[in-house]
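Below is one structure, written out as structure tokens; comments come after it.
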Amino acid sequence: MDLKDRAEITARAVCEVLHAEPPNNVRSQVTEIIKDAMLNAVLDDGERYTKLIMHHCGADRDLAHKIAEQIRRAQTALITNLSSMR
């Protein structure tokens, strides 16, 4: 399941809780907001994990840099995939 599907499911759940059925354009805007929030959370977590790795791998900076680079590559792939969904 991709991020867009998860965002749509979450938007439907929010509408159910609010007992509201917004027009399609409003629901798509809500879905986009949720998708952006998920993406920002992933990017923020990635940055936090990178800092944590650098801190805990202080003795082995080469390993820390390799792990951080893998995280950056994964984030770049995620952003590319999400951008292609727009």
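Every chain in the structure tokens takes a letter, A first, then B, and so on in the order presented; its residues are numbered from 1, and the ligands are numbered from 1 following the presented order.
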
Excluding same-chain residues fewer than 5 positions from range 3-20 of chain A, what lies within 12 Å of it counting only C-alpha atoms, as a PyMOL selection string? chain A and resi 26-40+42+78-79+81-86

Residues at most 6 Å from Ala64 in chain A, counting only C-alpha atoms, excluding those fewer than 6 positions away in the same chain, as a list in words?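 The neighbour list is Ile53, Met54 and Cys57 of chain A.
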
For the atom pair CA of Gln75 in chain A and CA of Asp60 in chain A, what is the interatomic distance in Å to one decimal place? 23.1 Å

Between CA of Asn25 in chain A and CA of Thr76 in chain A, what is the distance, to one decimal in Å?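 Computed distance, CA of Asn25 in chain A to CA of Thr76 in chain A, equals 28.8 Å.
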
Quick one: distance from CA of His55 in chain A to CA of Ala68 in chain A in Å, one decimal?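 A separation of 11.5 Å between them.
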
Non-local contacts of His65 in chain A (12 Å; only C-alpha atoms; under 2 positions in same chain excluded) as a ChimeraX atom specification: /A:50-63,67-72

Can you write out the residues you just picked, keeping N, CA and C atoms, as a PDB file, in the first residue's frame?
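File selection_30.pdb, as written:
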ATOM      1  N   THR A  50      19.435   9.937  11.528  1.00  0.00           N
ATOM      2  CA  THR A  50      20.777  10.209  11.033  1.00  0.00           C
ATOM      3  C   THR A  50      21.627  10.849  12.126  1.00  0.00           C
ATOM      4  N   LYS A  51      21.057  11.812  12.824  1.00  0.00           N
ATOM      5  CA  LYS A  51      21.792  12.461  13.911  1.00  0.00           C
ATOM      6  C   LYS A  51      22.114  11.466  15.024  1.00  0.00           C
ATOM      7  N   LEU A  52      21.165  10.598  15.321  1.00  0.00           N
ATOM      8  CA  LEU A  52      21.374   9.592  16.362  1.00  0.00           C
ATOM      9  C   LEU A  52      22.495   8.638  15.973  1.00  0.00           C
ATOM     10  N   ILE A  53      22.508   8.216  14.712  1.00  0.00           N
ATOM     11  CA  ILE A  53      23.546   7.305  14.218  1.00  0.00           C
ATOM     12  C   ILE A  53      24.907   7.969  14.327  1.00  0.00           C
ATOM     13  N   MET A  54      24.986   9.227  13.916  1.00  0.00           N
ATOM     14  CA  MET A  54      26.260   9.937  13.970  1.00  0.00           C
ATOM     15  C   MET A  54      26.749  10.043  15.412  1.00  0.00           C
ATOM     16  N   HIS A  55      25.826  10.254  16.322  1.00  0.00           N
ATOM     17  CA  HIS A  55      26.196  10.381  17.732  1.00  0.00           C
ATOM     18  C   HIS A  55      26.693   9.053  18.302  1.00  0.00           C
ATOM     19  N   HIS A  56      25.993   7.962  17.997  1.00  0.00           N
ATOM     20  CA  HIS A  56      26.333   6.673  18.599  1.00  0.00           C
ATOM     21  C   HIS A  56      27.450   5.920  17.878  1.00  0.00           C
ATOM     22  N   CYS A  57      27.727   6.300  16.663  1.00  0.00           N
ATOM     23  CA  CYS A  57      28.817   5.656  15.927  1.00  0.00           C
ATOM     24  C   CYS A  57      30.035   6.565  15.888  1.00  0.00           C
ATOM     25  N   GLY A  58      30.200   7.350  16.895  1.00  0.00           N
ATOM     26  CA  GLY A  58      31.294   8.315  16.929  1.00  0.00           C
ATOM     27  C   GLY A  58      32.645   7.698  16.658  1.00  0.00           C
ATOM     28  N   ALA A  59      32.892   6.503  17.186  1.00  0.00           N
ATOM     29  CA  ALA A  59      34.194   5.856  16.998  1.00  0.00           C
ATOM     30  C   ALA A  59      34.368   5.366  15.567  1.00  0.00           C
ATOM     31  N   ASP A  60      33.287   5.066  14.912  1.00  0.00           N
ATOM     32  CA  ASP A  60      33.357   4.547  13.543  1.00  0.00           C
ATOM     33  C   ASP A  60      32.579   5.477  12.612  1.00  0.00           C
ATOM     34  N   ARG A  61      33.142   6.633  12.352  1.00  0.00           N
ATOM     35  CA  ARG A  61      32.489   7.646  11.519  1.00  0.00           C
ATOM     36  C   ARG A  61      32.180   7.133  10.113  1.00  0.00           C
ATOM     37  N   ASP A  62      33.027   6.271   9.577  1.00  0.00           N
ATOM     38  CA  ASP A  62      32.795   5.749   8.233  1.00  0.00           C
ATOM     39  C   ASP A  62      31.489   4.958   8.190  1.00  0.00           C
ATOM     40  N   LEU A  63      31.256   4.123   9.184  1.00  0.00           N
ATOM     41  CA  LEU A  63      30.014   3.357   9.267  1.00  0.00           C
ATOM     42  C   LEU A  63      28.829   4.298   9.412  1.00  0.00           C
ATOM     43  N   ILE A  67      25.639   4.564   6.777  1.00  0.00           N
ATOM     44  CA  ILE A  67      24.240   4.386   7.183  1.00  0.00           C
ATOM     45  C   ILE A  67      23.428   5.642   6.861  1.00  0.00           C
ATOM     46  N   ALA A  68      23.988   6.805   7.152  1.00  0.00           N
ATOM     47  CA  ALA A  68      23.304   8.063   6.866  1.00  0.00           C
ATOM     48  C   ALA A  68      23.045   8.210   5.366  1.00  0.00           C
ATOM     49  N   GLU A  69      23.992   7.805   4.548  1.00  0.00           N
ATOM     50  CA  GLU A  69      23.823   7.879   3.093  1.00  0.00           C
ATOM     51  C   GLU A  69      22.707   6.945   2.628  1.00  0.00           C
ATOM     52  N   GLN A  70      22.612   5.771   3.214  1.00  0.00           N
ATOM     53  CA  GLN A  70      21.525   4.847   2.868  1.00  0.00           C
ATOM     54  C   GLN A  70      20.169   5.442   3.236  1.00  0.00           C
ATOM     55  N   ILE A  71      20.095   6.098   4.381  1.00  0.00           N
ATOM     56  CA  ILE A  71      18.851   6.747   4.786  1.00  0.00           C
ATOM     57  C   ILE A  71      18.496   7.851   3.798  1.00  0.00           C
ATOM     58  N   ARG A  72      19.467   8.654   3.403  1.00  0.00           N
ATOM     59  CA  ARG A  72      19.208   9.738   2.438  1.00  0.00           C
ATOM     60  C   ARG A  72      18.735   9.190   1.098  1.00  0.00           C
TER      61      ARG A  72
END
